[in-house]
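S.K.: So here's work-v5.pdb (PDB, C-alpha atoms).
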ATOM      1  CA  MET A  19       0.000   0.000   0.000
ATOM      2  CA  ARG A  20       1.311   3.409  -0.929
ATOM      3  CA  ALA A  21       2.087   5.584   2.109
ATOM      4  CA  SER A  22       0.477   8.951   2.588
ATOM      5  CA  LYS A  23       2.453  11.966   1.507
ATOM      6  CA  SER A  24       2.168  13.376   5.029
ATOM      7  CA  GLN A  25       3.613  10.282   6.672
ATOM      8  CA  PHE A  26       6.707  12.290   7.677
ATOM      9  CA  GLN A  27       6.961  15.939   8.732
ATOM     10  CA  ALA A  28      10.625  16.392   7.785
ATOM     11  CA  PHE A  29      13.037  15.009   5.193
ATOM     12  CA  ILE A  30      16.598  15.512   6.491
ATOM     13  CA  SER A  31      18.993  16.482   3.676
ATOM     14  CA  HIS A  32      22.596  16.267   4.871
ATOM     15  CA  ALA A  33      26.126  15.435   3.819
ATOM     16  CA  SER A  34      27.655  12.189   5.052
ATOM     17  CA  HIS A  35      30.225  14.266   6.974
ATOM     18  CA  ASP A  36      27.355  15.696   9.102
ATOM     19  CA  MET A  37      25.753  12.311   9.852
ATOM     20  CA  ASP A  38      26.300  12.488  13.640
ATOM     21  CA  LYS A  39      24.712  15.947  13.883
ATOM     22  CA  ALA A  40      21.797  14.849  11.675
ATOM     23  CA  ASN A  41      21.117  11.736  13.776
ATOM     24  CA  THR A  42      21.182  13.807  16.969
ATOM     25  CA  LEU A  43      18.605  16.228  15.558
ATOM     26  CA  VAL A  44      16.395  13.367  14.357
ATOM     27  CA  THR A  45      16.466  11.800  17.831
ATOM     28  CA  LEU A  46      15.411  15.072  19.489
ATOM     29  CA  LEU A  47      12.726  15.854  16.893
ATOM     30  CA  GLU A  48      11.190  12.381  16.991
ATOM     31  CA  ARG A  49      11.234  12.500  20.786
ATOM     32  CA  ALA A  50       8.958  15.549  20.338
ATOM     33  CA  ARG A  51       6.723  13.473  17.988
ATOM     34  CA  LEU A  52       7.900  15.062  14.733
ATOM     35  CA  ARG A  53       8.536  12.142  12.374
ATOM     36  CA  CYS A  54      11.640  12.408  10.220
ATOM     37  CA  TRP A  55      12.861  10.655   7.088
ATOM     38  CA  ILE A  56      16.635  10.294   6.883
ATOM     39  CA  ALA A  57      19.022   8.248   4.785
ATOM     40  CA  PRO A  58      20.403   5.674   5.118
ATOM     41  CA  ARG A  59      18.166   4.726   8.084
ATOM     42  CA  ASP A  60      14.918   4.760   6.079
ATOM     43  CA  ILE A  61      16.317   3.201   2.874
ATOM     44  CA  ARG A  62      14.717  -0.229   2.455
ATOM     45  CA  ASP A  63      16.940  -3.187   1.657
ATOM     46  CA  GLY A  64      17.027  -4.232  -1.979
ATOM     47  CA  VAL A  65      15.349  -1.041  -3.272
ATOM     48  CA  ASP A  66      17.003   1.437  -5.625
ATOM     49  CA  TYR A  67      18.630   4.246  -3.610
ATOM     50  CA  GLY A  68      17.481   7.071  -5.891
ATOM     51  CA  ALA A  69      13.899   5.799  -5.949
ATOM     52  CA  GLU A  70      13.873   5.671  -2.154
ATOM     53  CA  ILE A  71      15.064   9.295  -1.936
ATOM     54  CA  ILE A  72      12.216  10.429  -4.209
ATOM     55  CA  SER A  73       9.734   8.364  -2.209
ATOM     56  CA  GLY A  74      10.965   9.906   1.040
ATOM     57  CA  LEU A  75      10.542  13.417  -0.370
ATOM     58  CA  GLU A  76       7.008  12.665  -1.533
ATOM     59  CA  LYS A  77       6.064  11.322   1.903
ATOM     60  CA  SER A  78       7.432  14.402   3.739
ATOM     61  CA  SER A  79       5.859  17.838   4.111
ATOM     62  CA  HIS A  80       9.143  19.715   4.789
ATOM     63  CA  LEU A  81      12.800  19.443   3.854
ATOM     64  CA  PHE A  82      15.437  20.413   6.431
ATOM     65  CA  LEU A  83      18.667  21.341   4.633
ATOM     66  CA  LEU A  84      21.615  20.956   7.014
ATOM     67  CA  LEU A  85      23.939  23.537   5.465
ATOM     68  CA  SER A  86      27.681  23.156   6.004
ATOM     69  CA  ARG A  87      30.887  23.254   4.004
ATOM     70  CA  ALA A  88      30.431  19.558   3.276
ATOM     71  CA  SER A  89      26.820  19.888   2.064
ATOM     72  CA  ASN A  90      27.838  22.818  -0.158
ATOM     73  CA  LYS A  91      30.114  20.386  -2.014
ATOM     74  CA  SER A  92      27.660  17.464  -2.061
ATOM     75  CA  SER A  93      25.960  16.798  -5.399
ATOM     76  CA  PHE A  94      23.415  14.528  -3.656
ATOM     77  CA  VAL A  95      22.279  17.333  -1.341
ATOM     78  CA  ALA A  96      21.858  19.685  -4.311
ATOM     79  CA  ARG A  97      19.715  17.108  -6.136
ATOM     80  CA  GLU A  98      17.533  16.525  -3.066
ATOM     81  CA  VAL A  99      16.895  20.259  -2.669
ATOM     82  CA  GLU A 100      16.099  20.656  -6.381
ATOM     83  CA  ARG A 101      13.614  17.750  -6.254
ATOM     84  CA  ALA A 102      11.991  19.167  -3.111
ATOM     85  CA  VAL A 103      11.486  22.540  -4.819
ATOM     86  CA  SER A 104       9.981  20.871  -7.885
ATOM     87  CA  LYS A 105       7.541  19.008  -5.631
ATOM     88  CA  ASN A 106       6.526  22.241  -3.789
ATOM     89  CA  LYS A 107       7.901  21.131  -0.432
ATOM     90  CA  SER A 108       8.548  23.681   2.316
ATOM     91  CA  ILE A 109      12.301  24.119   2.784
ATOM     92  CA  ILE A 110      13.986  25.231   6.004
ATOM     93  CA  CYS A 111      17.736  25.888   5.809
ATOM     94  CA  VAL A 112      19.630  24.990   8.996
ATOM     95  CA  ARG A 113      23.148  26.431   9.028
ATOM     96  CA  LEU A 114      25.430  24.077  10.963
ATOM     97  CA  GLN A 115      28.393  26.379  10.272
ATOM     98  CA  ASP A 116      28.852  30.069   9.522
ATOM     99  CA  VAL A 117      28.777  29.534   5.743
ATOM    100  CA  GLN A 118      26.726  30.811   2.822
ATOM    101  CA  PRO A 119      25.061  28.365   0.389
ATOM    102  CA  SER A 120      26.951  27.477  -2.763
ATOM    103  CA  ARG A 121      25.730  28.927  -6.061
ATOM    104  CA  ARG A 122      23.759  25.810  -7.001
ATOM    105  CA  LEU A 123      22.030  25.819  -3.582
ATOM    106  CA  GLU A 124      21.556  29.601  -3.352
ATOM    107  CA  PHE A 125      19.162  29.538  -6.315
ATOM    108  CA  PHE A 126      16.764  27.318  -4.334
ATOM    109  CA  VAL A 127      17.153  28.542  -0.729
ATOM    110  CA  SER A 128      17.761  32.305  -0.992
ATOM    111  CA  THR A 129      14.092  33.068  -0.220
ATOM    112  CA  THR A 130      13.429  30.265   2.286
ATOM    113  CA  GLN A 131      13.484  30.372   6.081
ATOM    114  CA  TRP A 132      16.974  30.103   7.625
ATOM    115  CA  ILE A 133      17.911  29.000  11.140
ATOM    116  CA  ASP A 134      21.434  29.453  12.505
ATOM    117  CA  GLY A 135      22.073  26.131  14.199
ATOM    118  CA  TRP A 136      25.737  26.879  14.869
ATOM    119  CA  ARG A 137      24.748  29.607  17.345
ATOM    120  CA  CYS A 138      22.771  27.330  19.707
ATOM    121  CA  ASP A 139      22.852  23.867  21.258
ATOM    122  CA  ASP A 140      21.043  20.833  19.868
ATOM    123  CA  GLU A 141      18.058  21.125  22.229
ATOM    124  CA  THR A 142      17.444  24.771  21.305
ATOM    125  CA  LEU A 143      17.872  24.040  17.608
ATOM    126  CA  SER A 144      15.336  21.200  17.680
ATOM    127  CA  GLN A 145      12.848  23.450  19.488
ATOM    128  CA  ARG A 146      13.256  26.184  16.856
ATOM    129  CA  LEU A 147      12.689  23.638  14.083
ATOM    130  CA  LEU A 148       9.522  22.400  15.791
ATOM    131  CA  GLU A 149       8.247  25.976  16.092
ATOM    132  CA  ALA A 150       9.038  26.658  12.418
ATOM    133  CA  VAL A 151       7.115  23.587  11.225
ATOM    134  CA  THR A 152       4.179  24.288  13.552
ATOM    135  CA  GLY A 153       4.044  27.925  12.436
ATOM    136  CA  GLN A 154       3.965  27.008   8.736
ATOM    137  CA  GLN A 155       1.272  24.376   9.298
ATOM    138  CA  ASN A 156      -0.899  26.824  11.267
ATOM    139  CA  SER A 157      -0.484  29.423   8.522
ATOM    140  CA  ALA A 158      -1.527  26.909   5.862
ATOM    141  CA  GLN A 159      -4.569  25.872   7.905
ATOM    142  CA  SER A 160      -5.594  29.518   8.354
ATOM    143  CA  THR A 161      -5.330  30.063   4.612
ATOM    144  CA  ARG A 162      -7.454  27.009   3.846
ATOM    145  CA  SER A 163     -10.053  28.013   6.435
ATOM    146  CA  GLY A 164     -10.706  31.308   4.617
ATOM    147  CA  LEU A 165     -13.365  29.505   2.512
ATOM    148  CA  ARG A 166     -15.926  27.276   4.165
ATOM    149  CA  ASP A 167     -16.989  24.050   2.458
ATOM    150  CA  ASP A 168     -20.098  22.877   4.300
ATOM    151  CA  GLY A 169     -21.903  22.124   1.028
ATOM    152  CA  PRO A 170     -21.397  22.498  -2.740
ATOM    153  CA  VAL A 171     -24.340  24.887  -3.250
ATOM    154  CA  LYS A 172     -25.198  26.226   0.195
ATOM    155  CA  ASN A 173     -21.970  28.210   0.623
ATOM    156  CA  VAL A 174     -21.528  29.613  -2.895
ATOM    157  CA  TRP A 175     -22.640  33.100  -1.874
ATOM    158  CA  ARG A 176     -20.641  33.010   1.356
ATOM    159  CA  ASN A 177     -17.484  32.157  -0.575
ATOM    160  CA  LEU A 178     -18.149  34.893  -3.127
ATOM    161  CA  VAL A 179     -18.542  37.431  -0.323
ATOM    162  CA  THR A 180     -15.229  36.271   1.175
ATOM    163  CA  PHE A 181     -13.457  36.806  -2.154
ATOM    164  CA  ALA A 182     -15.072  40.240  -2.566
ATOM    165  CA  ARG A 183     -13.994  41.394   0.899
ATOM    166  CA  LYS A 184     -10.407  40.274   0.327
ATOM    167  CA  GLY A 185     -10.341  42.059  -3.047
ATOM    168  CA  LEU A 186     -11.708  45.254  -1.487
ATOM    169  CA  ARG A 187      -9.068  45.266   1.258
ATOM    170  CA  PHE A 188      -6.323  44.742  -1.331
ATOM    171  CA  SER A 189      -7.702  47.571  -3.497
ATOM    172  CA  ARG A 190      -7.739  49.982  -0.539
ATOM    173  CA  ARG A 191      -4.156  49.132   0.416
ATOM    174  CA  LEU A 192      -3.071  49.634  -3.181
ATOM    175  CA  GLN A 193      -4.742  53.054  -3.370
ATOM    176  CA  LEU A 194      -3.158  54.229  -0.118
ATOM    177  CA  ARG A 195       0.207  52.976  -1.237
ATOM    178  CA  THR A 196       0.250  54.652  -4.653
ATOM    179  CA  ALA A 197      -1.723  57.859  -4.100
ATOM    180  CA  SER A 198       0.765  59.264  -1.564
ATOM    181  CA  ILE A 199       3.921  58.297  -3.471
ATOM    182  CA  PRO A 200       3.551  59.404  -7.118
ATOM    183  CA  GLU A 201       7.314  59.562  -7.610
ATOM    184  CA  ARG A 202       7.472  55.781  -7.348
ATOM    185  CA  LEU A 203       5.168  55.418 -10.319
ATOM    186  CA  ALA A 204       7.267  57.907 -12.267
ATOM    187  CA  SER A 205      10.429  55.911 -11.545
ATOM    188  CA  ARG A 206       8.952  52.483 -12.309
ATOM    189  CA  ARG A 207      10.658  52.384 -15.708
ATOM    190  CA  TYR A 208      14.004  52.910 -14.025
ATOM    191  CA  MET A 209      13.502  50.362 -11.274
ATOM    192  CA  ASN A 210      12.172  47.622 -13.544
ATOM    193  CA  GLY A 211      14.120  48.454 -16.699
ATOM    194  CA  THR A 212      12.676  48.637 -20.187
ATOM    195  CA  SER A 213      14.381  45.502 -21.503
ATOM    196  CA  GLY A 214      13.960  43.216 -18.479
ATOM    197  CA  TYR A 215      17.651  43.659 -17.583
ATOM    198  CA  PRO A 216      18.506  45.764 -14.489
ATOM    199  CA  ARG A 217      20.368  49.032 -14.465
ATOM    200  CA  SER A 218      22.984  49.892 -11.884
ATOM    201  CA  LEU A 219      21.479  50.633  -8.482
ATOM    202  CA  THR A 220      22.579  53.816  -6.705
ATOM    203  CA  LEU A 221      22.331  54.467  -2.964
ATOM    204  CA  ASN A 222      22.893  58.039  -1.780
ATOM    205  CA  PRO A 223      24.047  58.452   1.865
ATOM    206  CA  LEU A 224      21.791  60.332   4.269
ATOM    207  CA  THR A 225      24.135  60.050   7.268
ATOM    208  CA  HIS A 226      26.645  62.884   6.968
ATOM    209  CA  GLY A 227      30.276  61.820   6.997
ATOM    210  CA  LYS A 228      29.529  58.121   7.473
ATOM    211  CA  ALA A 229      29.753  56.783   3.923
ATOM    212  CA  ALA A 230      30.093  57.653   0.252
ATOM    213  CA  PRO A 231      27.470  57.012  -2.453
ATOM    214  CA  VAL A 232      27.127  53.340  -3.408
ATOM    215  CA  THR A 233      26.709  52.127  -6.980
ATOM    216  CA  ALA A 234      25.871  48.443  -7.474
ATOM    217  CA  SER A 235      26.646  47.295 -11.011
ATOM    218  CA  ALA A 236      24.001  45.438 -13.016
ATOM    219  CA  LYS A 237      26.416  42.565 -13.687
ATOM    220  CA  LYS A 238      26.939  41.850  -9.987
ATOM    221  CA  LEU A 239      23.260  42.337  -9.144
ATOM    222  CA  VAL A 240      22.290  39.649 -11.645
ATOM    223  CA  GLY A 241      25.174  37.374 -10.637
ATOM    224  CA  GLY A 242      25.856  36.557  -7.020
ATOM    225  CA  GLY A 243      24.599  39.902  -5.716
ATOM    226  CA  VAL A 244      26.368  42.848  -4.084
ATOM    227  CA  VAL A 245      27.446  42.244  -0.476
ATOM    228  CA  VAL A 246      27.504  45.300   1.808
ATOM    229  CA  GLY A 247      29.701  45.083   4.897
ATOM    230  CA  ARG A 248      32.780  46.135   6.801
ATOM    231  CA  GLY A 249      34.949  43.192   5.742
ATOM    232  CA  LYS A 250      37.569  43.394   3.005
ATOM    233  CA  ASP A 251      35.780  40.678   1.015
ATOM    234  CA  SER A 252      32.617  42.832   0.739
ATOM    235  CA  ASP A 253      31.677  44.341  -2.628
ATOM    236  CA  VAL A 254      30.729  47.605  -0.888
ATOM    237  CA  MET A 255      32.813  48.457   2.194
ATOM    238  CA  ILE A 256      31.324  50.741   4.863
ATOM    239  CA  GLN A 257      33.829  51.644   7.566
ATOM    240  CA  ASP A 258      31.536  52.004  10.562
ATOM    241  CA  VAL A 259      31.572  50.029  13.810
ATOM    242  CA  SER A 260      27.825  49.374  13.557
ATOM    243  CA  ILE A 261      28.307  47.439  10.285
ATOM    244  CA  SER A 262      28.942  43.697  10.350
ATOM    245  CA  ARG A 263      31.649  42.047   8.266
ATOM    246  CA  ARG A 264      28.956  40.734   5.865
ATOM    247  CA  HIS A 265      25.957  42.890   6.712
ATOM    248  CA  ALA A 266      23.476  42.668   3.817
ATOM    249  CA  LYS A 267      23.152  41.762   0.140
ATOM    250  CA  LEU A 268      21.529  43.559  -2.802
ATOM    251  CA  TYR A 269      20.483  41.451  -5.787
ATOM    252  CA  TRP A 270      18.143  41.281  -8.807
ATOM    253  CA  ARG A 271      15.635  38.512  -9.441
ATOM    254  CA  ASP A 272      12.435  38.183 -11.488
ATOM    255  CA  GLY A 273      12.486  41.826 -12.574
ATOM    256  CA  ARG A 274      12.900  43.341  -9.093
ATOM    257  CA  TYR A 275      15.634  44.564  -6.765
ATOM    258  CA  TYR A 276      15.868  42.840  -3.365
ATOM    259  CA  LEU A 277      17.629  43.494  -0.054
ATOM    260  CA  LEU A 278      18.610  40.561   2.170
ATOM    261  CA  ASP A 279      20.011  40.958   5.679
ATOM    262  CA  LEU A 280      22.859  38.480   6.241
ATOM    263  CA  ASP A 281      22.176  37.895   9.930
ATOM    264  CA  SER A 282      23.960  41.138  10.866
ATOM    265  CA  MET A 283      24.547  42.150  14.463
ATOM    266  CA  ASN A 284      22.728  45.527  14.323
ATOM    267  CA  GLY A 285      20.267  44.637  11.571
ATOM    268  CA  SER A 286      18.970  46.402   8.458
ATOM    269  CA  THR A 287      15.795  48.448   7.919
ATOM    270  CA  ILE A 288      13.709  49.693   4.971
ATOM    271  CA  ASN A 289      11.715  52.853   5.676
ATOM    272  CA  GLY A 290      12.135  52.214   9.410
ATOM    273  CA  ARG A 291      10.907  48.596   9.218
ATOM    274  CA  ARG A 292      13.476  46.096  10.459
ATOM    275  CA  LEU A 293      14.201  43.182   8.129
ATOM    276  CA  ARG A 294      13.793  39.662   9.436
ATOM    277  CA  ARG A 295      16.941  37.591   9.195
ATOM    278  CA  GLN A 296      17.389  35.870   5.839
ATOM    279  CA  MET A 297      14.020  37.145   4.547
ATOM    280  CA  PRO A 298      14.515  39.231   1.340
ATOM    281  CA  VAL A 299      12.426  42.379   0.812
ATOM    282  CA  LYS A 300      11.704  44.164  -2.490
ATOM    283  CA  LEU A 301      13.241  47.587  -3.070
ATOM    284  CA  ARG A 302      11.556  50.613  -4.656
ATOM    285  CA  ALA A 303      12.763  54.033  -5.704
ATOM    286  CA  GLN A 304      13.027  56.537  -2.826
ATOM    287  CA  ASP A 305      13.149  53.780  -0.196
ATOM    288  CA  ILE A 306      15.350  54.642   2.786
ATOM    289  CA  LEU A 307      17.740  51.858   3.789
ATOM    290  CA  GLN A 308      19.685  51.673   7.026
ATOM    291  CA  PHE A 309      22.607  49.363   7.730
ATOM    292  CA  GLY A 310      23.484  49.650  11.414
ATOM    293  CA  ARG A 311      23.664  53.431  11.888
ATOM    294  CA  VAL A 312      24.300  54.322   8.224
ATOM    295  CA  ARG A 313      21.314  55.434   6.112
ATOM    296  CA  TYR A 314      20.891  55.550   2.315
ATOM    297  CA  ARG A 315      18.172  56.536  -0.144
ATOM    298  CA  VAL A 316      17.508  54.397  -3.229
ATOM    299  CA  ARG A 317      17.800  56.272  -6.532
TER     300      ARG A 317
END
Would you kindly transcribe this structure into structure tokens?

M.R.:
Amino acid sequence: MRASKSQFQAFISHASHDMDKANTLVTLLERARLRCWIAPRDIRDGVDYGAEIISGLEKSSHLFLLLSRASNKSSFVAREVERAVSKNKSIICVRLQDVQPSRRLEFFVSTTQWIDGWRCDDETLSQRLLEAVTGQQNSAQSTRSGLRDDGPVKNVWRNLVTFARKGLRFSRRLQLRTASIPERLASRRYMNGTSGYPRSLTLNPLTHGKAAPVTASAKKLVGGGVVVGRGKDSDVMIQDVSISRRHAKLYWRDGRYYLLDLDSMNGSTINGRRLRRQMPVKLRAQDILQFGRVRYRVR
């Protein structure tokens, strides 16, 4: 009999070098009644290895990527993540070391939830993973409960009213957002580009004496992105004590500019709103960015 797709809550993707850490996490998670699928433990004898990996992904609702230097080099980990994305699985990136994902992994995990496992002990890490899975499941249930399904005909009008109310709220937010900022509409051609390819992004400093204007080239924005920080390996160096070595990253994807905070010590903000760690936010013309104590305006 074919197992249900929700038989497991988490598929553990890891490099063989991180096997001990992965097994420890699985023990703690399953002790908290979160079922995990992990190789080679759950590979059945006499069954093709690749087929078992695909089966494990299909039976799991989430994929936990244990990111380390070893997993960055693993071709098997990259294939598991790619298959999970193609099957619309929720991905949570768990950094076992202070490393960034390789280029082939960055494409899939740059917009997913990240947890810094190297900053906490195993017990704390397992608790954070449980909270992340529970939070995503509650969010999905809330989304599904927006429409009631007590009967195929009885609730047609109720569902139509629900759609209409959601559309009205969206329309009001859109009007408030655009009516007070006409310069953003005027600069849309610049921010999006006329040919689908980005132009260089310019940030003008608003903090006197702290930094010079920043120009991010289109080539780097499309490639690996432009890293802002205090370290010598940063693409844009800002010599201020409030700036981390690798503070934030600017990049271009799907016709838009994005800002991603790289787990900096003092954080990054857009128009006074603090960015969540490893959660990219779209940029618009005239936005005010702040890295630590240094402020810029997007041009």

S.K.: What would the selection look like, as a CSV table (one decimal) with C-alpha atoms, keeping the file's coordinate frame, if the PyMOL selection byres ((chain A and resi 243) around 12) were run on the coordinates I just shared?

M.R.:
chain,number,residue,atom,x,y,z
A,121,ARG,CA,25.7,28.9,-6.1
A,124,GLU,CA,21.6,29.6,-3.4
A,125,PHE,CA,19.2,29.5,-6.3
A,128,SER,CA,17.8,32.3,-1.0
A,218,SER,CA,23.0,49.9,-11.9
A,219,LEU,CA,21.5,50.6,-8.5
A,234,ALA,CA,25.9,48.4,-7.5
A,235,SER,CA,26.6,47.3,-11.0
A,236,ALA,CA,24.0,45.4,-13.0
A,237,LYS,CA,26.4,42.6,-13.7
A,238,LYS,CA,26.9,41.8,-10.0
A,239,LEU,CA,23.3,42.3,-9.1
A,240,VAL,CA,22.3,39.6,-11.6
A,241,GLY,CA,25.2,37.4,-10.6
A,242,GLY,CA,25.9,36.6,-7.0
A,244,VAL,CA,26.4,42.8,-4.1
A,245,VAL,CA,27.4,42.2,-0.5
A,246,VAL,CA,27.5,45.3,1.8
A,252,SER,CA,32.6,42.8,0.7
A,253,ASP,CA,31.7,44.3,-2.6
A,254,VAL,CA,30.7,47.6,-0.9
A,266,ALA,CA,23.5,42.7,3.8
A,267,LYS,CA,23.2,41.8,0.1
A,268,LEU,CA,21.5,43.6,-2.8
A,269,TYR,CA,20.5,41.5,-5.8
A,270,TRP,CA,18.1,41.3,-8.8
A,271,ARG,CA,15.6,38.5,-9.4
A,275,TYR,CA,15.6,44.6,-6.8
A,276,TYR,CA,15.9,42.8,-3.4
A,277,LEU,CA,17.6,43.5,-0.1
A,278,LEU,CA,18.6,40.6,2.2

S.K.: May I ask which of the residues A:Gly74, A:Gly285, A:Gly247, A:Pro119 is the closest one to Ala102 in chain A, counting only C-alpha atoms?

M.R.: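 Closest to Ala102 in chain A, using only C-alpha atoms: A:Gly74.
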
S.K.: Starting from the point (16.9, 20.6, 20.0), work out which residues of protein, DNA or RNA have an atom no more than 10 Å away when counting all atoms listed in the file; state them as a list of chain:residue names.

M.R.: A:Thr42, A:Leu43, A:Val44, A:Thr45, A:Leu46, A:Leu47, A:Arg49, A:Ala50, A:Gly135, A:Cys138, A:Asp139, A:Asp140, A:Glu141, A:Thr142, A:Leu143, A:Ser144, A:Gln145, A:Arg146, A:Leu147, A:Leu148

S.K.: Between A:Thr130, A:Thr152, A:Asn284, A:Thr220, which residue has the minimum interatomic distance to Pro298 in chain A, considering all atoms listed in the file?

M.R.: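 Closest candidate: A:Thr130.
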
S.K.: From the options A:Phe309, A:Lys250, A:Ala230, A:Ile71, which residue's atoms come nearest to His265 in chain A, counting all atoms listed in the file?

M.R.: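 With all atoms listed in the file as the atom set, the closest residue is A:Phe309.
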
S.K.: Do a neighbour search on Ser93 in chain A at 12 Å with all atoms listed in the file, toss out local chain neighbours closer than 2 positions, and write the hits as a PyMOL selection string.

M.R.: chain A and resi 31-34+88-91+95-100+120+122-123

S.K.: Would it be fine to have range 68-75 of chain A, with all heavy atoms, given as a PDB file, in the first residue's frame?

M.R.:
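Result file part_14.pdb:
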ATOM      1  N   GLY A  68      18.092   5.851  -5.369  1.00  0.00           N
ATOM      2  CA  GLY A  68      17.481   7.071  -5.891  1.00  0.00           C
ATOM      3  C   GLY A  68      15.971   7.062  -5.786  1.00  0.00           C
ATOM      4  O   GLY A  68      15.343   8.075  -5.452  1.00  0.00           O
ATOM      5  N   ALA A  69      15.358   5.901  -6.060  1.00  0.00           N
ATOM      6  CA  ALA A  69      13.899   5.799  -5.949  1.00  0.00           C
ATOM      7  C   ALA A  69      13.437   5.990  -4.520  1.00  0.00           C
ATOM      8  O   ALA A  69      12.386   6.591  -4.257  1.00  0.00           O
ATOM      9  CB  ALA A  69      13.433   4.444  -6.476  1.00  0.00           C
ATOM     10  N   GLU A  70      14.218   5.492  -3.556  1.00  0.00           N
ATOM     11  CA  GLU A  70      13.873   5.671  -2.154  1.00  0.00           C
ATOM     12  C   GLU A  70      13.965   7.142  -1.725  1.00  0.00           C
ATOM     13  O   GLU A  70      13.164   7.622  -0.918  1.00  0.00           O
ATOM     14  CB  GLU A  70      14.788   4.815  -1.277  1.00  0.00           C
ATOM     15  CG  GLU A  70      14.441   3.347  -1.276  1.00  0.00           C
ATOM     16  CD  GLU A  70      13.113   3.078  -0.575  1.00  0.00           C
ATOM     17  OE1 GLU A  70      13.088   2.901   0.651  1.00  0.00           O
ATOM     18  OE2 GLU A  70      12.076   3.058  -1.276  1.00  0.00           O
ATOM     19  N   ILE A  71      14.947   7.868  -2.250  1.00  0.00           N
ATOM     20  CA  ILE A  71      15.064   9.295  -1.936  1.00  0.00           C
ATOM     21  C   ILE A  71      13.830  10.042  -2.429  1.00  0.00           C
ATOM     22  O   ILE A  71      13.237  10.869  -1.709  1.00  0.00           O
ATOM     23  CB  ILE A  71      16.336   9.882  -2.568  1.00  0.00           C
ATOM     24  CG1 ILE A  71      17.590   9.288  -1.907  1.00  0.00           C
ATOM     25  CG2 ILE A  71      16.348  11.405  -2.455  1.00  0.00           C
ATOM     26  CD1 ILE A  71      17.777   9.675  -0.467  1.00  0.00           C
ATOM     27  N   ILE A  72      13.411   9.770  -3.660  1.00  0.00           N
ATOM     28  CA  ILE A  72      12.216  10.429  -4.209  1.00  0.00           C
ATOM     29  C   ILE A  72      10.980  10.057  -3.391  1.00  0.00           C
ATOM     30  O   ILE A  72      10.130  10.911  -3.087  1.00  0.00           O
ATOM     31  CB  ILE A  72      12.023  10.038  -5.683  1.00  0.00           C
ATOM     32  CG1 ILE A  72      13.209  10.541  -6.530  1.00  0.00           C
ATOM     33  CG2 ILE A  72      10.718  10.612  -6.221  1.00  0.00           C
ATOM     34  CD1 ILE A  72      13.369  12.042  -6.527  1.00  0.00           C
ATOM     35  N   SER A  73      10.874   8.797  -3.014  1.00  0.00           N
ATOM     36  CA  SER A  73       9.734   8.364  -2.209  1.00  0.00           C
ATOM     37  C   SER A  73       9.720   9.066  -0.863  1.00  0.00           C
ATOM     38  O   SER A  73       8.665   9.494  -0.378  1.00  0.00           O
ATOM     39  CB  SER A  73       9.791   6.849  -2.014  1.00  0.00           C
ATOM     40  OG  SER A  73       8.739   6.404  -1.183  1.00  0.00           O
ATOM     41  N   GLY A  74      10.895   9.212  -0.241  1.00  0.00           N
ATOM     42  CA  GLY A  74      10.965   9.906   1.040  1.00  0.00           C
ATOM     43  C   GLY A  74      10.560  11.364   0.934  1.00  0.00           C
ATOM     44  O   GLY A  74       9.880  11.896   1.815  1.00  0.00           O
ATOM     45  N   LEU A  75      10.952  12.025  -0.158  1.00  0.00           N
ATOM     46  CA  LEU A  75      10.542  13.417  -0.370  1.00  0.00           C
ATOM     47  C   LEU A  75       9.034  13.532  -0.533  1.00  0.00           C
ATOM     48  O   LEU A  75       8.403  14.452  -0.001  1.00  0.00           O
ATOM     49  CB  LEU A  75      11.251  13.985  -1.606  1.00  0.00           C
ATOM     50  CG  LEU A  75      12.725  14.358  -1.442  1.00  0.00           C
ATOM     51  CD1 LEU A  75      13.349  14.646  -2.800  1.00  0.00           C
ATOM     52  CD2 LEU A  75      12.870  15.558  -0.528  1.00  0.00           C
TER      53      LEU A  75
END
